[in-house]
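**Student:** My structure is stored as coords_36.cif, with mmCIF, C-alpha atoms and all ligand atoms.
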data_protein
loop_
_atom_site.group_PDB
_atom_site.id
_atom_site.type_symbol
_atom_site.label_atom_id
_atom_site.label_comp_id
_atom_site.auth_asym_id
_atom_site.auth_seq_id
_atom_site.Cartn_x
_atom_site.Cartn_y
_atom_site.Cartn_z
ATOM 1 C CA MET A 1283 16.376 12.936 -10.545
ATOM 2 C CA SER A 1284 13.716 13.316 -7.873
ATOM 3 C CA VAL A 1285 14.621 12.294 -4.343
ATOM 4 C CA LEU A 1286 13.462 8.890 -3.117
ATOM 5 C CA ILE A 1287 12.467 8.308 0.513
ATOM 6 C CA ALA A 1288 13.391 4.890 1.904
ATOM 7 C CA PRO A 1289 12.081 4.265 5.432
ATOM 8 C CA SER A 1290 14.241 1.901 7.473
ATOM 9 C CA ILE A 1291 11.985 -0.630 9.168
ATOM 10 C CA LEU A 1292 14.690 -0.972 11.836
ATOM 11 C CA ALA A 1293 12.800 1.804 13.637
ATOM 12 C CA SER A 1294 9.399 0.147 13.226
ATOM 13 C CA ASP A 1295 7.517 -2.241 15.540
ATOM 14 C CA PHE A 1296 9.255 -5.581 14.890
ATOM 15 C CA SER A 1297 6.211 -7.507 16.113
ATOM 16 C CA ARG A 1298 4.199 -6.012 13.216
ATOM 17 C CA LEU A 1299 6.768 -5.770 10.438
ATOM 18 C CA GLY A 1300 4.331 -6.547 7.623
ATOM 19 C CA GLU A 1301 1.823 -3.878 8.623
ATOM 20 C CA GLU A 1302 4.565 -1.336 9.295
ATOM 21 C CA THR A 1303 6.108 -1.952 5.864
ATOM 22 C CA ARG A 1304 2.742 -1.583 4.124
ATOM 23 C CA ASP A 1305 1.861 1.506 6.163
ATOM 24 C CA ALA A 1306 5.120 3.264 5.275
ATOM 25 C CA ILE A 1307 4.537 2.744 1.561
ATOM 26 C CA GLU A 1308 0.884 3.769 1.811
ATOM 27 C CA ALA A 1309 2.066 6.883 3.649
ATOM 28 C CA GLY A 1310 4.031 7.935 0.558
ATOM 29 C CA ALA A 1311 7.430 6.256 0.845
ATOM 30 C CA ASP A 1312 9.205 5.093 -2.317
ATOM 31 C CA TRP A 1313 11.412 2.217 -1.170
ATOM 32 C CA VAL A 1314 11.641 -0.046 1.881
ATOM 33 C CA HIS A 1315 15.088 -0.094 3.507
ATOM 34 C CA LEU A 1316 15.921 -3.405 5.200
ATOM 35 C CA ASP A 1317 18.797 -3.348 7.689
ATOM 36 C CA VAL A 1318 20.344 -6.778 8.084
ATOM 37 C CA MET A 1319 22.805 -7.056 10.987
ATOM 38 C CA ASP A 1320 24.850 -10.047 12.098
ATOM 39 C CA GLY A 1321 26.241 -9.165 15.538
ATOM 40 C CA HIS A 1322 29.731 -9.496 14.062
ATOM 41 C CA PHE A 1323 30.250 -6.808 11.425
ATOM 42 C CA VAL A 1324 28.058 -4.512 13.538
ATOM 43 C CA PRO A 1325 27.196 -4.726 17.249
ATOM 44 C CA ASN A 1326 23.518 -5.591 16.779
ATOM 45 C CA ILE A 1327 21.391 -8.398 15.309
ATOM 46 C CA THR A 1328 18.217 -7.972 13.249
ATOM 47 C CA PHE A 1329 16.799 -10.416 10.714
ATOM 48 C CA GLY A 1330 17.697 -12.608 7.754
ATOM 49 C CA PRO A 1331 16.330 -13.649 4.376
ATOM 50 C CA ASP A 1332 13.355 -15.603 5.752
ATOM 51 C CA VAL A 1333 11.924 -12.427 7.275
ATOM 52 C CA VAL A 1334 12.458 -10.564 3.996
ATOM 53 C CA LYS A 1335 10.602 -13.350 2.178
ATOM 54 C CA ARG A 1336 7.637 -13.017 4.540
ATOM 55 C CA LEU A 1337 7.581 -9.238 4.052
ATOM 56 C CA ARG A 1338 7.675 -9.443 0.273
ATOM 57 C CA PRO A 1339 3.898 -10.000 -0.227
ATOM 58 C CA TRP A 1340 3.055 -6.833 1.758
ATOM 59 C CA THR A 1341 4.113 -4.392 -0.976
ATOM 60 C CA ASP A 1342 5.384 -4.130 -4.551
ATOM 61 C CA ALA A 1343 7.787 -1.338 -3.585
ATOM 62 C CA THR A 1344 11.520 -1.719 -4.109
ATOM 63 C CA PHE A 1345 13.197 -3.673 -1.320
ATOM 64 C CA ASP A 1346 16.507 -1.966 -0.594
ATOM 65 C CA CYS A 1347 18.518 -4.451 1.389
ATOM 66 C CA HIS A 1348 21.467 -3.132 3.427
ATOM 67 C CA LEU A 1349 23.649 -6.037 4.463
ATOM 68 C CA MET A 1350 25.743 -5.251 7.515
ATOM 69 C CA ILE A 1351 27.155 -8.747 7.585
ATOM 70 C CA ALA A 1352 30.575 -10.263 6.997
ATOM 71 C CA PRO A 1353 31.099 -12.259 4.945
ATOM 72 C CA ALA A 1354 28.117 -11.383 2.747
ATOM 73 C CA ASP A 1355 28.731 -13.672 -0.228
ATOM 74 C CA PRO A 1356 27.312 -16.898 1.307
ATOM 75 C CA TYR A 1357 23.946 -15.146 1.819
ATOM 76 C CA LEU A 1358 23.559 -13.108 -1.373
ATOM 77 C CA GLU A 1359 21.592 -15.733 -3.256
ATOM 78 C CA ALA A 1360 19.180 -16.193 -0.345
ATOM 79 C CA PHE A 1361 18.480 -12.455 -0.159
ATOM 80 C CA ALA A 1362 17.992 -12.310 -3.922
ATOM 81 C CA LYS A 1363 15.516 -15.190 -3.802
ATOM 82 C CA ALA A 1364 13.741 -13.624 -0.817
ATOM 83 C CA GLY A 1365 12.771 -10.667 -3.012
ATOM 84 C CA CYS A 1366 15.370 -7.946 -2.505
ATOM 85 C CA ASP A 1367 15.692 -5.592 -5.478
ATOM 86 C CA VAL A 1368 18.784 -3.683 -4.408
ATOM 87 C CA ILE A 1369 21.427 -5.578 -2.435
ATOM 88 C CA THR A 1370 24.080 -3.470 -0.745
ATOM 89 C CA VAL A 1371 27.250 -4.866 0.774
ATOM 90 C CA HIS A 1372 29.812 -2.958 2.813
ATOM 91 C CA ALA A 1373 33.169 -2.124 1.241
ATOM 92 C CA GLU A 1374 34.697 -2.961 4.627
ATOM 93 C CA ALA A 1375 33.054 -6.386 4.898
ATOM 94 C CA GLY A 1376 35.369 -8.069 2.414
ATOM 95 C CA PRO A 1377 37.053 -10.117 1.484
ATOM 96 C CA HIS A 1378 36.494 -9.369 -2.231
ATOM 97 C CA LEU A 1379 34.213 -6.427 -2.926
ATOM 98 C CA ASP A 1380 34.482 -6.677 -6.701
ATOM 99 C CA ARG A 1381 33.476 -10.339 -6.597
ATOM 100 C CA SER A 1382 30.493 -9.628 -4.331
ATOM 101 C CA LEU A 1383 29.229 -6.897 -6.666
ATOM 102 C CA GLN A 1384 29.570 -9.069 -9.752
ATOM 103 C CA PHE A 1385 27.713 -11.828 -7.930
ATOM 104 C CA ILE A 1386 24.802 -9.522 -7.031
ATOM 105 C CA ARG A 1387 24.413 -8.423 -10.645
ATOM 106 C CA SER A 1388 24.652 -12.017 -11.839
ATOM 107 C CA LEU A 1389 21.631 -12.721 -9.620
ATOM 108 C CA GLY A 1390 19.728 -10.072 -11.600
ATOM 109 C CA LYS A 1391 19.710 -7.532 -8.767
ATOM 110 C CA LYS A 1392 20.963 -3.964 -8.435
ATOM 111 C CA ALA A 1393 24.316 -3.852 -6.677
ATOM 112 C CA GLY A 1394 25.054 -1.361 -3.927
ATOM 113 C CA VAL A 1395 28.134 -0.631 -1.892
ATOM 114 C CA ALA A 1396 28.030 1.030 1.532
ATOM 115 C CA ILE A 1397 30.915 2.891 3.147
ATOM 116 C CA ASN A 1398 31.268 3.614 6.846
ATOM 117 C CA PRO A 1399 31.984 7.132 8.139
ATOM 118 C CA GLY A 1400 35.692 6.344 8.577
ATOM 119 C CA THR A 1401 36.117 4.939 5.062
ATOM 120 C CA PRO A 1402 37.283 7.317 2.305
ATOM 121 C CA GLU A 1403 35.372 7.559 -0.965
ATOM 122 C CA SER A 1404 38.432 6.187 -2.790
ATOM 123 C CA ALA A 1405 37.470 2.720 -1.452
ATOM 124 C CA ILE A 1406 34.969 2.391 -4.297
ATOM 125 C CA GLU A 1407 36.907 4.121 -7.071
ATOM 126 C CA TYR A 1408 37.677 0.919 -8.946
ATOM 127 C CA VAL A 1409 34.203 -0.627 -8.738
ATOM 128 C CA LEU A 1410 32.230 2.383 -10.004
ATOM 129 C CA ASP A 1411 31.225 0.614 -13.206
ATOM 130 C CA LYS A 1412 29.870 -2.359 -11.268
ATOM 131 C CA ILE A 1413 27.457 -0.590 -8.959
ATOM 132 C CA ASP A 1414 23.972 0.895 -9.115
ATOM 133 C CA LEU A 1415 23.974 2.551 -5.681
ATOM 134 C CA ILE A 1416 26.398 4.009 -3.154
ATOM 135 C CA CYS A 1417 25.176 4.045 0.450
ATOM 136 C CA VAL A 1418 26.988 6.755 2.398
ATOM 137 C CA MET A 1419 26.798 5.948 6.098
ATOM 138 C CA THR A 1420 26.319 9.144 8.054
ATOM 139 C CA VAL A 1421 26.358 7.297 11.392
ATOM 140 C CA ASN A 1422 28.381 4.272 12.464
ATOM 141 C CA PRO A 1423 26.151 1.338 11.516
ATOM 142 C CA GLY A 1424 24.405 -0.819 14.091
ATOM 143 C CA PHE A 1425 21.656 1.296 15.593
ATOM 144 C CA GLY A 1426 18.930 3.702 14.602
ATOM 145 C CA GLY A 1427 18.395 7.066 16.218
ATOM 146 C CA GLN A 1428 22.009 8.270 16.166
ATOM 147 C CA ALA A 1429 23.144 11.789 15.317
ATOM 148 C CA PHE A 1430 24.143 12.649 11.730
ATOM 149 C CA ILE A 1431 27.904 13.161 11.329
ATOM 150 C CA PRO A 1432 28.214 16.582 9.617
ATOM 151 C CA GLY A 1433 31.637 15.888 8.105
ATOM 152 C CA MET A 1434 29.978 13.396 5.736
ATOM 153 C CA ILE A 1435 28.545 16.192 3.581
ATOM 154 C CA ALA A 1436 32.002 16.743 2.068
ATOM 155 C CA LYS A 1437 32.201 13.017 1.294
ATOM 156 C CA ILE A 1438 28.843 13.108 -0.494
ATOM 157 C CA GLU A 1439 30.074 16.020 -2.630
ATOM 158 C CA ARG A 1440 33.264 14.151 -3.554
ATOM 159 C CA LEU A 1441 31.313 11.007 -4.408
ATOM 160 C CA LYS A 1442 28.920 12.970 -6.588
ATOM 161 C CA ALA A 1443 31.893 14.317 -8.547
ATOM 162 C CA MET A 1444 33.432 10.829 -8.800
ATOM 163 C CA VAL A 1445 30.209 9.314 -10.095
ATOM 164 C CA GLY A 1446 29.900 11.897 -12.868
ATOM 165 C CA ASP A 1447 27.172 10.968 -15.338
ATOM 166 C CA ARG A 1448 27.021 7.294 -14.387
ATOM 167 C CA PRO A 1449 23.469 6.145 -13.447
ATOM 168 C CA ILE A 1450 24.338 5.500 -9.793
ATOM 169 C CA HIS A 1451 22.087 6.395 -6.868
ATOM 170 C CA ILE A 1452 23.730 8.185 -3.943
ATOM 171 C CA GLU A 1453 21.897 7.094 -0.802
ATOM 172 C CA ILE A 1454 22.339 8.586 2.666
ATOM 173 C CA ASP A 1455 21.821 6.388 5.719
ATOM 174 C CA GLY A 1456 21.825 7.501 9.333
ATOM 175 C CA GLY A 1457 20.489 10.490 11.204
ATOM 176 C CA VAL A 1458 18.435 11.757 8.254
ATOM 177 C CA THR A 1459 15.776 14.207 9.483
ATOM 178 C CA PRO A 1460 14.108 17.300 8.010
ATOM 179 C CA GLU A 1461 17.048 19.216 9.528
ATOM 180 C CA THR A 1462 19.783 17.215 7.769
ATOM 181 C CA ALA A 1463 18.032 16.123 4.534
ATOM 182 C CA GLY A 1464 18.465 19.388 2.641
ATOM 183 C CA ALA A 1465 22.253 19.491 2.915
ATOM 184 C CA CYS A 1466 22.472 15.850 1.777
ATOM 185 C CA VAL A 1467 20.453 16.523 -1.372
ATOM 186 C CA THR A 1468 22.343 19.732 -2.149
ATOM 187 C CA ALA A 1469 25.573 17.728 -1.864
ATOM 188 C CA GLY A 1470 24.304 15.166 -4.404
ATOM 189 C CA ALA A 1471 22.117 12.577 -2.664
ATOM 190 C CA ASP A 1472 19.015 11.215 -4.384
ATOM 191 C CA VAL A 1473 17.911 8.483 -1.931
ATOM 192 C CA LEU A 1474 17.287 9.280 1.730
ATOM 193 C CA VAL A 1475 17.010 6.467 4.273
ATOM 194 C CA ALA A 1476 15.196 7.438 7.444
ATOM 195 C CA GLY A 1477 14.236 5.258 10.357
ATOM 196 C CA SER A 1478 13.343 7.208 13.455
ATOM 197 C CA ALA A 1479 12.254 10.278 11.462
ATOM 198 C CA VAL A 1480 9.543 8.187 9.722
ATOM 199 C CA PHE A 1481 8.422 5.665 12.356
ATOM 200 C CA LYS A 1482 7.531 8.086 15.132
ATOM 201 C CA ASN A 1483 4.316 9.302 16.732
ATOM 202 C CA GLY A 1484 2.205 6.354 15.535
ATOM 203 C CA ARG A 1485 1.118 5.217 12.074
ATOM 204 C CA ASN A 1486 -1.195 8.170 11.499
ATOM 205 C CA ALA A 1487 1.890 10.402 11.610
ATOM 206 C CA TYR A 1488 3.897 8.503 8.963
ATOM 207 C CA ALA A 1489 2.517 10.435 5.983
ATOM 208 C CA GLY A 1490 3.331 13.748 7.634
ATOM 209 C CA ASN A 1491 6.779 12.532 8.662
ATOM 210 C CA ILE A 1492 7.549 11.467 5.082
ATOM 211 C CA ALA A 1493 6.126 14.703 3.665
ATOM 212 C CA ALA A 1494 8.374 16.694 6.004
ATOM 213 C CA LEU A 1495 11.442 14.859 4.686
ATOM 214 C CA ARG A 1496 10.361 15.419 1.088
ATOM 215 C CA ALA A 1497 9.747 19.097 1.715
ATOM 216 C CA ALA A 1498 13.176 19.467 3.307
ATOM 217 C CA ALA A 1499 14.861 17.634 0.440
HETATM 218 C C1 LIG B 1501 22.123 2.047 10.796
HETATM 219 C C2 LIG B 1501 21.140 1.653 9.718
HETATM 220 C C3 LIG B 1501 20.221 2.771 9.332
HETATM 221 C C4 LIG B 1501 19.438 3.292 10.484
HETATM 222 C C5 LIG B 1501 18.774 4.572 10.158
HETATM 223 O O1 LIG B 1501 22.942 0.984 11.052
HETATM 224 O O2 LIG B 1501 21.807 1.247 8.565
HETATM 225 O O3 LIG B 1501 19.390 2.383 8.253
HETATM 226 O O4 LIG B 1501 18.500 2.387 10.934
HETATM 227 O O5 LIG B 1501 18.058 4.965 11.290
HETATM 228 P P1 LIG B 1501 17.905 6.482 11.695
HETATM 229 O O6 LIG B 1501 17.224 7.166 10.546
HETATM 230 O O7 LIG B 1501 17.096 6.436 12.929
HETATM 231 O O8 LIG B 1501 19.293 7.026 11.901
HETATM 232 ZN ZN ZN B 1502 20.694 0.983 6.599
#
Mind turning this structure into structure tokens?
Ligand code: DX5
Ligand code: ZN

**Tutor:**
Amino acid sequence: MSVLIAPSILASDFSRLGEETRDAIEAGADWVHLDVMDGHFVPNITFGPDVVKRLRPWTDATFDCHLMIAPADPYLEAFAKAGCDVITVHAEAGPHLDRSLQFIRSLGKKAGVAINPGTPESAIEYVLDKIDLICVMTVNPGFGGQAFIPGMIAKIERLKAMVGDRPIHIEIDGGVTPETAGACVTAGADVLVAGSAVFKNGRNAYAGNIAALRAAA
């Protein structure tokens, strides 16, 4: 499986989200990573389904929606209708992870589960056959630009072994740079989310920033 690069628009210019989304894809990105925060599950607030809906016409690329909200269930249908392709909920968000995942698939979307740095991989052991993606948080969620937590490499390796030959993406989110990308991929990752490492030095730099991540992966 080749490695997919998913820029997080959290690090982009929020006053120009459409252009930034289009520019990242034109610069060679594979997916668009959308960080939804509620000021409750995480200590920051971003955007909701109406913004996703407005972004949808800007690209055909996969919209990878990372819901850092609790509860998530009341909003899943709205995000599905807004045009998300992958919808990821947090294992810690509760109250019923299995139900949330079944609901996402019933909406015709790929189901993802994210786990925070302090959450062991065993948290998703019993839902492995109901997911299409595991998002391994390598920072505590809420903000871009934080440092990668090195101890998470061992967790990625354990998850890779747990997943076995199931068709499940292992996505890494937080502190991904050309310096940290290689170890993530060696450990088993096949989707790399990157915010600040992509959206830096102006739009003319995006292609080079993405190429540097790909080369490191
Ligand atoms: C953190 C978000 C990440 C984050 C990544 O809560 O889920 O997607 O924005 O940003 P960088 O790559 O800057 O760590
Ligand atoms: Zn994210």

**Student:** Counting all atoms listed in the file, which protein, DNA or RNA residues come within 9 Å of ligand ZN 1502 (chain B), given as a list in words?

**Tutor:**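 Residues satisfying the distance criterion: Ser1290, Leu1292, His1315, Leu1316, Asp1317, Val1318, Asp1346, Cys1347, His1348, Leu1349, Met1350, Ala1396, Cys1417, Met1419, Pro1423, Gly1424, Gly1426, Ile1454, Asp1455, Gly1456, Val1475, Ala1476 and Gly1477 of chain A.
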
**Student:** Would you save the residues from that selection as a tab-separated table (two decimals), in the coordinates of the input, using C-alpha atoms?

**Tutor:**
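Below you can see out_32.tsv, which holds the result:
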chain	number	residue	atom	x	y	z
A	1290	SER	CA	14.24	1.90	7.47
A	1292	LEU	CA	14.69	-0.97	11.84
A	1315	HIS	CA	15.09	-0.09	3.51
A	1316	LEU	CA	15.92	-3.40	5.20
A	1317	ASP	CA	18.80	-3.35	7.69
A	1318	VAL	CA	20.34	-6.78	8.08
A	1346	ASP	CA	16.51	-1.97	-0.59
A	1347	CYS	CA	18.52	-4.45	1.39
A	1348	HIS	CA	21.47	-3.13	3.43
A	1349	LEU	CA	23.65	-6.04	4.46
A	1350	MET	CA	25.74	-5.25	7.52
A	1396	ALA	CA	28.03	1.03	1.53
A	1417	CYS	CA	25.18	4.04	0.45
A	1419	MET	CA	26.80	5.95	6.10
A	1423	PRO	CA	26.15	1.34	11.52
A	1424	GLY	CA	24.40	-0.82	14.09
A	1426	GLY	CA	18.93	3.70	14.60
A	1454	ILE	CA	22.34	8.59	2.67
A	1455	ASP	CA	21.82	6.39	5.72
A	1456	GLY	CA	21.82	7.50	9.33
A	1475	VAL	CA	17.01	6.47	4.27
A	1476	ALA	CA	15.20	7.44	7.44
A	1477	GLY	CA	14.24	5.26	10.36

**Student:** For each of A:Ala1405, A:Val1480, A:Ile1413, A:Ala1443, take the minimum atom-to-atom distance to Phe1385 in chain A, counting only C-alpha atoms, then give the residue where this is smallest.

**Tutor:**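 Once distances to Phe1385 in chain A are computed over only C-alpha atoms, the minimum belongs to A:Ile1413.
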
**Student:** Figure out the distance between CA of Pro1402 in chain A and CA of Thr1344 in chain A, please, to one decimal in Å.

**Tutor:**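 Computing the Euclidean distance for CA of Thr1344 in chain A and CA of Pro1402 in chain A yields 28.0 Å.
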
**Student:** Looking at all atoms listed in the file, which of A:Val1371, A:Ala1489, A:Leu1389, A:Leu1358 is the one that sits closest to ligand LIG 1501 (chain B)?

**Tutor:** A:Val1371

**Student:** Neighbouring residues of range 1481-1484 of chain A were defined as those with any atom within 8 Å, considering only C-alpha atoms; residues of the same chain fewer than 6 positions away were excluded. Please report them as a list in words.

**Tutor:**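 Skipping anything fewer than 6 positions along the chain leaves Pro1289, Ile1291, Ala1293, Ser1294 and Asn1491 of chain A.
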
**Student:** To test your reading of the syntax: which residues would the PyMOL selection byres (((chain A and resi 1303) around 10) and not hetatm) return for the file shown? Reply as a PyMOL selection string.

**Tutor:** chain A and resi 1289-1291+1294-1295+1298-1302+1304-1309+1311+1313-1316+1337-1338+1340-1341+1343

**Student:** In Å, rounded to a single decimal, give me how far CA of Ala1288 in chain A is from atom O2 of ligand LIG 1501 (chain B).

**Tutor:**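 These two atoms are separated by 11.3 Å.
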
**Student:** So how far away is CA of Tyr1357 in chain A from CA of Lys1335 in chain A, in Å?

**Tutor:**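 Result for CA of Lys1335 in chain A versus CA of Tyr1357 in chain A: 13.5 Å, one decimal.
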
**Student:** Which residue gives the smallest distance to ligand LIG 1501 (chain B) among A:Lys1437, A:Val1467, A:His1372, A:Asn1486, with only C-alpha atoms and all ligand atoms counted?

**Tutor:**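 Closest to ligand LIG 1501 (chain B) of all the choices is A:His1372.
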
**Student:** Taking all atoms of ligand LIG 1501 (chain B) that the file lists, what box with edges along x, y and z, padded by 8 Å per side, do you get, with centre and edge lengths in Å to one decimal, as JSON?

**Tutor:**
{"center_x": 20.0, "center_y": 4.1, "center_z": 10.6, "size_x": 21.8, "size_y": 22.2, "size_z": 20.7}

**Student:** If you count only C-alpha atoms, which residues fall within 9 Å of Glu1461 in chain A, apart from same-chain ones fewer than 3 positions away, as a list in words?

**Tutor:**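 Listed by chain and then number, they are Val1458, Gly1464, Ala1465, Leu1495 and Ala1498 of chain A.
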
**Student:** Kindly provide, as a VMD selection string, the polymer residues lying within 6 Å of (14.1, -13.8, 1.2), counting all atoms listed in the file and using the coordinates exactly as they appear in the file.

**Tutor:** chain A and resid 1331 to 1332 1334 to 1335 1360 to 1361 1363 to 1365

**Student:** The selected residues should be written to file as a PDB file, in the coordinates of the input (atoms: C-alpha atoms).

**Tutor:**
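Result file follows (out.pdb):
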ATOM      1  CA  PRO A1331      16.330 -13.649   4.376  1.00  0.00           C
ATOM      2  CA  ASP A1332      13.355 -15.603   5.752  1.00  0.00           C
ATOM      3  CA  VAL A1334      12.458 -10.564   3.996  1.00  0.00           C
ATOM      4  CA  LYS A1335      10.602 -13.350   2.178  1.00  0.00           C
ATOM      5  CA  ALA A1360      19.180 -16.193  -0.345  1.00  0.00           C
ATOM      6  CA  PHE A1361      18.480 -12.455  -0.159  1.00  0.00           C
ATOM      7  CA  LYS A1363      15.516 -15.190  -3.802  1.00  0.00           C
ATOM      8  CA  ALA A1364      13.741 -13.624  -0.817  1.00  0.00           C
ATOM      9  CA  GLY A1365      12.771 -10.667  -3.012  1.00  0.00           C
TER      10      GLY A1365
END

**Student:** Hey, which of A:Leu1410, A:Val1285, A:Ala1373, A:Val1333 ends up closest to Glu1453 in chain A? Count all atoms listed in the file.

**Tutor:**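 Selected residue with least distance to Glu1453 in chain A: A:Val1285.
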